[in-house]
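Notes follow once the structure below has been shown.
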Amino acid sequence: MGIWSWLTGREAEKARAPVVVPVPAPIPVLAVGDPVGALPKPVPVDVPVPAAKAAISDFSAAMEFILRPDNDGQPYHHDPRDHGGMTAWGVTAATWAAHNRQPLAWATKERMQALKREDVYPVYLKGFWDANNCDGLPRGVGFVVFNMGCGTGPKPAAIILQRLLGLAEDGRIGPVTLAAARAWDPVKLTKAYTDACLAWYKLLKQYPIYGRGWSRRATQAGEIAGRLAAG
C-alpha cells in the first residue's frame with residue numbers, strides 16, 4: 001500500500017464528522033522579548049463548520065518540505081559535531097531504535113544506511129505529527145509546529161506554542177492548547193511562532209555552527225505555512 005493510500009484510509013473516518021472550532025480573533029505579532037501577557041485574551045465563540053479534509057495534504061506537504069535535500073532529505077548523514085549523531089532521512093539512530101522498541105545499539109550504521117525514504121513516514125507521522133496533534137491545529141500552525149518538532153523534538157516545539165498563547169508550558173498539545181490556538185488568526189499565529197523559533201535557536205550552543213541553516217529552514221517553513229493558513 002502506498003503512503004498516500006495509507007494516509008487516506010487513516011483520515012477517512014475523521015473527515016466524515018463536523019468539527020466545532022472557535023471563531024478566530026486577531027493576534028498581534030510579538031517582538032522578541034515581549035511578555036506573553038501582551039497577547040489579549042480572545043473570547044471564543046463555537047460555531048459548527050464543515051470538517052476540514054486538509055490533514056492528509058498538510059502532512060504530505062510537510063513531508064515534502066522536511067525531506068528536501070537541503071533539509072533532511074539525505075539517506076545517511078553523520079556530522080561528528082551534531083549532538084544527534086547519525087541520521088537517515090532526518091531520523092536519528094535513537095529515534096529509529098525507539099520507534100522499533102529496540103535499544104540504541106540496535107540502530108547500527110548498517111541499519112541506518114539501509115533505511116529508505118518510505119520507511120521513515122510512519123516515524124514522522126506518529127512521533128512528530130501526531131505527537132503534537134498537528135491535525136487539530138489550524139492550517140499552517142500545524143505545519144510550523146511539526147517542522148520545529150522535527151528539529152528540536154515534539155516537546156520544545158509544543159512549549160514554544162504554549163508560551164506564545166500564555167498557557168501552562170507542559171509540552172503537551174491537548175484540548176486547552178488546541179482551543180487557544182484556534183481562537184487566533186492562523187496567519188498571524190504562524191508568523192509569531194516562526195519568529196519565536198528564530199529567537200529560540202539563538203539561545204542554543206550550536207547556533208554558531210548550524211544557526212544559518214536552522215534559520216533558513218524555519219523561515220522557509222513559515223512562508224509555506226503562511227500560504228496554507230491564508231487558504
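Ordering of the C-alpha cells sets the chain letters (A, B, ...); residue numbers start at 1 within each chain; ligands are numbered from 1 in the order shown.
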Return as a PDB file with N, CA and C atoms, in the first residue's frame the full set of residues in range 96-176 of chain A whose backbone-based DSSP assignment is helix (DSSP H, G or I).
ATOM      1  N   TRP A  96      14.999   6.019  15.620  1.00  0.00           N
ATOM      2  CA  TRP A  96      14.692   4.800  14.868  1.00  0.00           C
ATOM      3  C   TRP A  96      14.651   3.587  15.794  1.00  0.00           C
ATOM      4  N   ALA A  97      15.582   3.524  16.739  1.00  0.00           N
ATOM      5  CA  ALA A  97      15.579   2.420  17.699  1.00  0.00           C
ATOM      6  C   ALA A  97      14.323   2.460  18.569  1.00  0.00           C
ATOM      7  N   ALA A  98      13.969   3.652  19.055  1.00  0.00           N
ATOM      8  CA  ALA A  98      12.784   3.785  19.905  1.00  0.00           C
ATOM      9  C   ALA A  98      11.516   3.426  19.140  1.00  0.00           C
ATOM     10  N   HIS A  99      11.439   3.832  17.879  1.00  0.00           N
ATOM     11  CA  HIS A  99      10.268   3.515  17.055  1.00  0.00           C
ATOM     12  C   HIS A  99      10.092   2.005  16.920  1.00  0.00           C
ATOM     13  N   LEU A 104      19.343   1.427  21.793  1.00  0.00           N
ATOM     14  CA  LEU A 104      20.070   2.274  20.849  1.00  0.00           C
ATOM     15  C   LEU A 104      21.100   1.484  20.046  1.00  0.00           C
ATOM     16  N   ALA A 105      21.760   0.527  20.683  1.00  0.00           N
ATOM     17  CA  ALA A 105      22.797  -0.245  19.993  1.00  0.00           C
ATOM     18  C   ALA A 105      22.250  -1.009  18.790  1.00  0.00           C
ATOM     19  N   TRP A 106      20.939  -1.252  18.771  1.00  0.00           N
ATOM     20  CA  TRP A 106      20.316  -1.962  17.644  1.00  0.00           C
ATOM     21  C   TRP A 106      20.401  -1.150  16.354  1.00  0.00           C
ATOM     22  N   LYS A 109      25.101   1.436  12.165  1.00  0.00           N
ATOM     23  CA  LYS A 109      25.370   2.208  10.948  1.00  0.00           C
ATOM     24  C   LYS A 109      24.786   1.498   9.731  1.00  0.00           C
ATOM     25  N   GLU A 110      24.907   0.181   9.693  1.00  0.00           N
ATOM     26  CA  GLU A 110      24.388  -0.584   8.558  1.00  0.00           C
ATOM     27  C   GLU A 110      22.866  -0.474   8.467  1.00  0.00           C
ATOM     28  N   ARG A 111      22.192  -0.539   9.615  1.00  0.00           N
ATOM     29  CA  ARG A 111      20.732  -0.415   9.604  1.00  0.00           C
ATOM     30  C   ARG A 111      20.311   0.993   9.175  1.00  0.00           C
ATOM     31  N   MET A 112      21.019   1.991   9.638  1.00  0.00           N
ATOM     32  CA  MET A 112      20.681   3.365   9.272  1.00  0.00           C
ATOM     33  C   MET A 112      20.922   3.605   7.783  1.00  0.00           C
ATOM     34  N   GLN A 113      21.990   3.045   7.259  1.00  0.00           N
ATOM     35  CA  GLN A 113      22.289   3.218   5.836  1.00  0.00           C
ATOM     36  C   GLN A 113      21.273   2.495   4.952  1.00  0.00           C
ATOM     37  N   ALA A 114      20.639   1.461   5.494  1.00  0.00           N
ATOM     38  CA  ALA A 114      19.669   0.685   4.715  1.00  0.00           C
ATOM     39  C   ALA A 114      18.278   1.319   4.699  1.00  0.00           C
ATOM     40  N   ARG A 117      13.443   6.043   2.094  1.00  0.00           N
ATOM     41  CA  ARG A 117      12.608   7.223   2.335  1.00  0.00           C
ATOM     42  C   ARG A 117      11.239   6.839   2.897  1.00  0.00           C
ATOM     43  N   GLU A 118      10.614   5.818   2.285  1.00  0.00           N
ATOM     44  CA  GLU A 118       9.274   5.440   2.727  1.00  0.00           C
ATOM     45  C   GLU A 118       9.265   4.818   4.122  1.00  0.00           C
ATOM     46  N   ASP A 119      10.413   4.330   4.580  1.00  0.00           N
ATOM     47  CA  ASP A 119      10.480   3.716   5.908  1.00  0.00           C
ATOM     48  C   ASP A 119      10.223   4.726   7.023  1.00  0.00           C
ATOM     49  N   VAL A 120      10.561   5.984   6.775  1.00  0.00           N
ATOM     50  CA  VAL A 120      10.512   6.958   7.868  1.00  0.00           C
ATOM     51  C   VAL A 120       9.176   7.684   7.977  1.00  0.00           C
ATOM     52  N   TYR A 121       8.279   7.516   7.001  1.00  0.00           N
ATOM     53  CA  TYR A 121       6.986   8.204   7.075  1.00  0.00           C
ATOM     54  C   TYR A 121       6.227   7.868   8.359  1.00  0.00           C
ATOM     55  N   PRO A 122       6.113   6.586   8.733  1.00  0.00           N
ATOM     56  CA  PRO A 122       5.406   6.278   9.984  1.00  0.00           C
ATOM     57  C   PRO A 122       6.076   6.894  11.211  1.00  0.00           C
ATOM     58  N   VAL A 123       7.400   7.033  11.174  1.00  0.00           N
ATOM     59  CA  VAL A 123       8.121   7.643  12.295  1.00  0.00           C
ATOM     60  C   VAL A 123       7.707   9.103  12.438  1.00  0.00           C
ATOM     61  N   TYR A 124       7.708   9.817  11.331  1.00  0.00           N
ATOM     62  CA  TYR A 124       7.338  11.232  11.364  1.00  0.00           C
ATOM     63  C   TYR A 124       5.861  11.413  11.716  1.00  0.00           C
ATOM     64  N   LEU A 125       5.019  10.528  11.198  1.00  0.00           N
ATOM     65  CA  LEU A 125       3.586  10.657  11.460  1.00  0.00           C
ATOM     66  C   LEU A 125       3.269  10.450  12.941  1.00  0.00           C
ATOM     67  N   LYS A 126       3.745   9.337  13.487  1.00  0.00           N
ATOM     68  CA  LYS A 126       3.427   9.012  14.879  1.00  0.00           C
ATOM     69  C   LYS A 126       4.250   9.829  15.867  1.00  0.00           C
ATOM     70  N   GLY A 127       5.542   9.943  15.599  1.00  0.00           N
ATOM     71  CA  GLY A 127       6.436  10.534  16.583  1.00  0.00           C
ATOM     72  C   GLY A 127       6.500  12.042  16.584  1.00  0.00           C
ATOM     73  N   PHE A 128       6.037  12.681  15.493  1.00  0.00           N
ATOM     74  CA  PHE A 128       6.168  14.131  15.403  1.00  0.00           C
ATOM     75  C   PHE A 128       4.848  14.820  15.024  1.00  0.00           C
ATOM     76  N   TRP A 129       4.173  14.340  13.982  1.00  0.00           N
ATOM     77  CA  TRP A 129       2.905  14.966  13.573  1.00  0.00           C
ATOM     78  C   TRP A 129       1.809  14.673  14.597  1.00  0.00           C
ATOM     79  N   VAL A 141      -0.316  26.491  11.175  1.00  0.00           N
ATOM     80  CA  VAL A 141       0.256  26.387  12.519  1.00  0.00           C
ATOM     81  C   VAL A 141       0.776  24.968  12.745  1.00  0.00           C
ATOM     82  N   GLY A 142      -0.022  23.977  12.354  1.00  0.00           N
ATOM     83  CA  GLY A 142       0.428  22.596  12.472  1.00  0.00           C
ATOM     84  C   GLY A 142       1.700  22.345  11.682  1.00  0.00           C
ATOM     85  N   PHE A 143       1.818  22.998  10.535  1.00  0.00           N
ATOM     86  CA  PHE A 143       2.996  22.830   9.672  1.00  0.00           C
ATOM     87  C   PHE A 143       4.260  23.309  10.379  1.00  0.00           C
ATOM     88  N   VAL A 144       4.231  24.523  10.947  1.00  0.00           N
ATOM     89  CA  VAL A 144       5.443  25.050  11.583  1.00  0.00           C
ATOM     90  C   VAL A 144       5.755  24.336  12.896  1.00  0.00           C
ATOM     91  N   VAL A 145       4.722  23.913  13.623  1.00  0.00           N
ATOM     92  CA  VAL A 145       4.963  23.164  14.858  1.00  0.00           C
ATOM     93  C   VAL A 145       5.613  21.817  14.527  1.00  0.00           C
ATOM     94  N   PHE A 146       5.135  21.174  13.472  1.00  0.00           N
ATOM     95  CA  PHE A 146       5.722  19.908  13.029  1.00  0.00           C
ATOM     96  C   PHE A 146       7.176  20.102  12.613  1.00  0.00           C
ATOM     97  N   ASN A 147       7.438  21.112  11.806  1.00  0.00           N
ATOM     98  CA  ASN A 147       8.805  21.355  11.352  1.00  0.00           C
ATOM     99  C   ASN A 147       9.739  21.610  12.531  1.00  0.00           C
ATOM    100  N   MET A 148       9.288  22.417  13.478  1.00  0.00           N
ATOM    101  CA  MET A 148      10.125  22.710  14.642  1.00  0.00           C
ATOM    102  C   MET A 148      10.356  21.448  15.462  1.00  0.00           C
ATOM    103  N   GLY A 149       9.315  20.652  15.620  1.00  0.00           N
ATOM    104  CA  GLY A 149       9.439  19.424  16.393  1.00  0.00           C
ATOM    105  C   GLY A 149      10.418  18.442  15.787  1.00  0.00           C
ATOM    106  N   CYS A 150      10.507  18.438  14.453  1.00  0.00           N
ATOM    107  CA  CYS A 150      11.447  17.531  13.792  1.00  0.00           C
ATOM    108  C   CYS A 150      12.889  17.893  14.116  1.00  0.00           C
ATOM    109  N   GLY A 151      13.137  19.155  14.433  1.00  0.00           N
ATOM    110  CA  GLY A 151      14.493  19.573  14.760  1.00  0.00           C
ATOM    111  C   GLY A 151      14.796  19.565  16.242  1.00  0.00           C
ATOM    112  N   THR A 152      13.787  19.855  17.061  1.00  0.00           N
ATOM    113  CA  THR A 152      14.020  20.013  18.499  1.00  0.00           C
ATOM    114  C   THR A 152      13.446  18.881  19.330  1.00  0.00           C
ATOM    115  N   PRO A 154       9.317  16.961  19.815  1.00  0.00           N
ATOM    116  CA  PRO A 154       7.954  17.492  19.927  1.00  0.00           C
ATOM    117  C   PRO A 154       7.721  18.393  21.139  1.00  0.00           C
ATOM    118  N   LYS A 155       8.313  18.065  22.280  1.00  0.00           N
ATOM    119  CA  LYS A 155       8.010  18.825  23.497  1.00  0.00           C
ATOM    120  C   LYS A 155       8.458  20.282  23.419  1.00  0.00           C
ATOM    121  N   PRO A 156       9.707  20.586  23.048  1.00  0.00           N
ATOM    122  CA  PRO A 156      10.077  22.002  22.936  1.00  0.00           C
ATOM    123  C   PRO A 156       9.221  22.757  21.926  1.00  0.00           C
ATOM    124  N   ALA A 157       8.863  22.090  20.819  1.00  0.00           N
ATOM    125  CA  ALA A 157       8.025  22.746  19.813  1.00  0.00           C
ATOM    126  C   ALA A 157       6.661  23.100  20.393  1.00  0.00           C
ATOM    127  N   ALA A 158       6.117  22.211  21.217  1.00  0.00           N
ATOM    128  CA  ALA A 158       4.828  22.478  21.856  1.00  0.00           C
ATOM    129  C   ALA A 158       4.945  23.594  22.888  1.00  0.00           C
ATOM    130  N   ILE A 159       6.033  23.610  23.627  1.00  0.00           N
ATOM    131  CA  ILE A 159       6.224  24.633  24.657  1.00  0.00           C
ATOM    132  C   ILE A 159       6.305  26.026  24.036  1.00  0.00           C
ATOM    133  N   ILE A 160       6.959  26.145  22.896  1.00  0.00           N
ATOM    134  CA  ILE A 160       7.039  27.446  22.224  1.00  0.00           C
ATOM    135  C   ILE A 160       5.638  27.948  21.886  1.00  0.00           C
ATOM    136  N   LEU A 161       4.785  27.064  21.391  1.00  0.00           N
ATOM    137  CA  LEU A 161       3.410  27.457  21.076  1.00  0.00           C
ATOM    138  C   LEU A 161       2.656  27.848  22.341  1.00  0.00           C
ATOM    139  N   GLN A 162       2.785  27.053  23.387  1.00  0.00           N
ATOM    140  CA  GLN A 162       2.074  27.349  24.632  1.00  0.00           C
ATOM    141  C   GLN A 162       2.542  28.661  25.247  1.00  0.00           C
ATOM    142  N   ARG A 163       3.822  28.953  25.114  1.00  0.00           N
ATOM    143  CA  ARG A 163       4.348  30.213  25.643  1.00  0.00           C
ATOM    144  C   ARG A 163       3.750  31.396  24.888  1.00  0.00           C
ATOM    145  N   LEU A 164       3.636  31.260  23.579  1.00  0.00           N
ATOM    146  CA  LEU A 164       3.023  32.323  22.778  1.00  0.00           C
ATOM    147  C   LEU A 164       1.571  32.562  23.187  1.00  0.00           C
ATOM    148  N   LEU A 165       0.880  31.482  23.512  1.00  0.00           N
ATOM    149  CA  LEU A 165      -0.539  31.577  23.837  1.00  0.00           C
ATOM    150  C   LEU A 165      -0.789  31.901  25.304  1.00  0.00           C
ATOM    151  N   PRO A 175      -6.506  19.518  24.440  1.00  0.00           N
ATOM    152  CA  PRO A 175      -7.696  20.340  24.171  1.00  0.00           C
ATOM    153  C   PRO A 175      -7.530  21.819  24.509  1.00  0.00           C
ATOM    154  N   VAL A 176      -6.847  22.139  25.608  1.00  0.00           N
ATOM    155  CA  VAL A 176      -6.695  23.543  26.006  1.00  0.00           C
ATOM    156  C   VAL A 176      -5.835  24.301  24.994  1.00  0.00           C
TER     157      VAL A 176
END
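With only C-alpha atoms taken into account, the protein and nucleic acid residues at most 8 Å from range 63-67 of chain A (excluding it and anything under 6 positions from it in its own chain) are A:Gly73, A:Gln74, A:Trp89, A:Gly90, A:Tyr121, A:Asn147, A:Ala221.
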Create the file for the chosen residues now, containing N, CA, C and O atoms and written as an mmCIF file, in the first residue's frame.
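File result36.cif, as written:
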data_model
loop_
_atom_site.group_PDB
_atom_site.id
_atom_site.type_symbol
_atom_site.label_atom_id
_atom_site.label_comp_id
_atom_site.auth_asym_id
_atom_site.auth_seq_id
_atom_site.Cartn_x
_atom_site.Cartn_y
_atom_site.Cartn_z
ATOM 1 N N GLY A 73 16.456 15.518 3.657
ATOM 2 C CA GLY A 73 16.334 14.533 2.589
ATOM 3 C C GLY A 73 17.649 13.899 2.195
ATOM 4 O O GLY A 73 18.033 13.912 1.023
ATOM 5 N N GLN A 74 18.345 13.347 3.164
ATOM 6 C CA GLN A 74 19.616 12.667 2.915
ATOM 7 C C GLN A 74 19.508 11.234 3.426
ATOM 8 O O GLN A 74 19.132 11.016 4.577
ATOM 9 N N TRP A 89 17.439 10.198 6.511
ATOM 10 C CA TRP A 89 16.210 10.927 6.188
ATOM 11 C C TRP A 89 15.733 11.756 7.386
ATOM 12 O O TRP A 89 14.550 11.879 7.657
ATOM 13 N N GLY A 90 16.699 12.309 8.125
ATOM 14 C CA GLY A 90 16.376 13.167 9.255
ATOM 15 C C GLY A 90 16.045 12.441 10.544
ATOM 16 O O GLY A 90 15.858 13.075 11.579
ATOM 17 N N TYR A 121 8.279 7.516 7.001
ATOM 18 C CA TYR A 121 6.986 8.204 7.075
ATOM 19 C C TYR A 121 6.227 7.868 8.359
ATOM 20 O O TYR A 121 5.717 8.769 9.036
ATOM 21 N N ASN A 147 7.438 21.112 11.806
ATOM 22 C CA ASN A 147 8.805 21.355 11.352
ATOM 23 C C ASN A 147 9.739 21.610 12.531
ATOM 24 O O ASN A 147 10.841 21.064 12.594
ATOM 25 N N ALA A 221 9.841 27.404 6.140
ATOM 26 C CA ALA A 221 8.656 26.706 6.654
ATOM 27 C C ALA A 221 7.557 27.707 6.991
ATOM 28 O O ALA A 221 6.374 27.472 6.715
#
Which neighbours of Met86 in chain A fall inside 6 Å, counting only C-alpha atoms, when residues of the same chain fewer than 5 positions from it are skipped, and could you give them as a PyMOL selection string? chain A and resi 77-78+92
I need the chosen residues saved as a PDB file, in the first residue's frame, with N, CA and C atoms.
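Printed below is out_3.pdb as written:
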ATOM      1  N   HIS A  77      23.526  10.392   6.998  1.00  0.00           N
ATOM      2  CA  HIS A  77      24.324  11.583   7.302  1.00  0.00           C
ATOM      3  C   HIS A  77      24.893  11.435   8.710  1.00  0.00           C
ATOM      4  N   HIS A  78      26.152  11.788   8.855  1.00  0.00           N
ATOM      5  CA  HIS A  78      26.759  11.759  10.185  1.00  0.00           C
ATOM      6  C   HIS A  78      27.783  12.880  10.287  1.00  0.00           C
ATOM      7  N   THR A  92      17.074  10.223  13.645  1.00  0.00           N
ATOM      8  CA  THR A  92      18.283   9.837  14.362  1.00  0.00           C
ATOM      9  C   THR A  92      18.255   8.349  14.702  1.00  0.00           C
TER      10      THR A  92
END
Any chance you could tabulate, as CSV, the residues of range 47-101 of chain A at most 10 Å from range 203-210 of chain A with each one's nearest atom pair and distance in Å to one decimal, using only C-alpha atoms, in chain and rising number order?
residue,atom,partner,partner_atom,distance
A:Arg81,CA,A:Ile209,CA,8.7
A:Asp82,CA,A:Gln206,CA,8.4
A:His83,CA,A:Gln206,CA,9.1
I need the residues from that last selection saved to file as a compact mmCIF listing (two decimals), in the first residue's frame (with all heavy atoms), if you can.
# COMPACT_ATOMS: atom_id res chain seq x y z
N ARG A 81 30.00 16.78 14.77
CA ARG A 81 29.69 17.94 15.61
C ARG A 81 28.23 17.94 16.06
O ARG A 81 27.87 18.66 16.99
CB ARG A 81 29.98 19.22 14.83
CG ARG A 81 31.41 19.39 14.37
CD ARG A 81 31.54 20.58 13.44
NE ARG A 81 30.69 20.41 12.26
CZ ARG A 81 30.49 21.37 11.34
NH1 ARG A 81 31.06 22.56 11.48
NH2 ARG A 81 29.72 21.13 10.29
N ASP A 82 27.40 17.16 15.39
CA ASP A 82 25.97 17.15 15.68
C ASP A 82 25.68 16.23 16.87
O ASP A 82 25.98 15.04 16.83
CB ASP A 82 25.20 16.66 14.45
CG ASP A 82 23.70 16.82 14.58
OD1 ASP A 82 23.22 17.01 15.72
OD2 ASP A 82 23.00 16.75 13.55
N HIS A 83 25.09 16.79 17.91
CA HIS A 83 24.80 16.01 19.11
C HIS A 83 23.81 14.88 18.86
O HIS A 83 23.71 13.94 19.64
CB HIS A 83 24.27 16.92 20.22
CG HIS A 83 25.26 17.95 20.66
ND1 HIS A 83 24.91 19.07 21.38
CD2 HIS A 83 26.61 18.03 20.48
CE1 HIS A 83 25.99 19.80 21.63
NE2 HIS A 83 27.02 19.20 21.09
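When only C-alpha atoms are used to measure the gap to Tyr76 in chain A, the shortest distance among A:Cys197, A:Leu115, A:Ala94, A:Leu189 belongs to A:Leu115.
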By how many Å are CA of Thr219 in chain A and CA of Asp70 in chain A apart? 13.5 Å
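CA of Gly140 in chain A to CA of Leu228 in chain A spans 5.1 Å [interatomic distance, one decimal].
Among the candidates A:Pro75, A:Leu167, A:Leu198, A:Gln220, the one nearest to Ala179 in chain A when counting only C-alpha atoms is A:Leu167.
Distance-wise, CA of Ser57 in chain A and CA of Thr190 in chain A end up 17.9 Å apart.
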Residue list (strand (DSSP E or B), DSSP) for range 74-136 of chain A, as a list in words: His77, Thr87, Ala88, Val91 and Thr92 of chain A
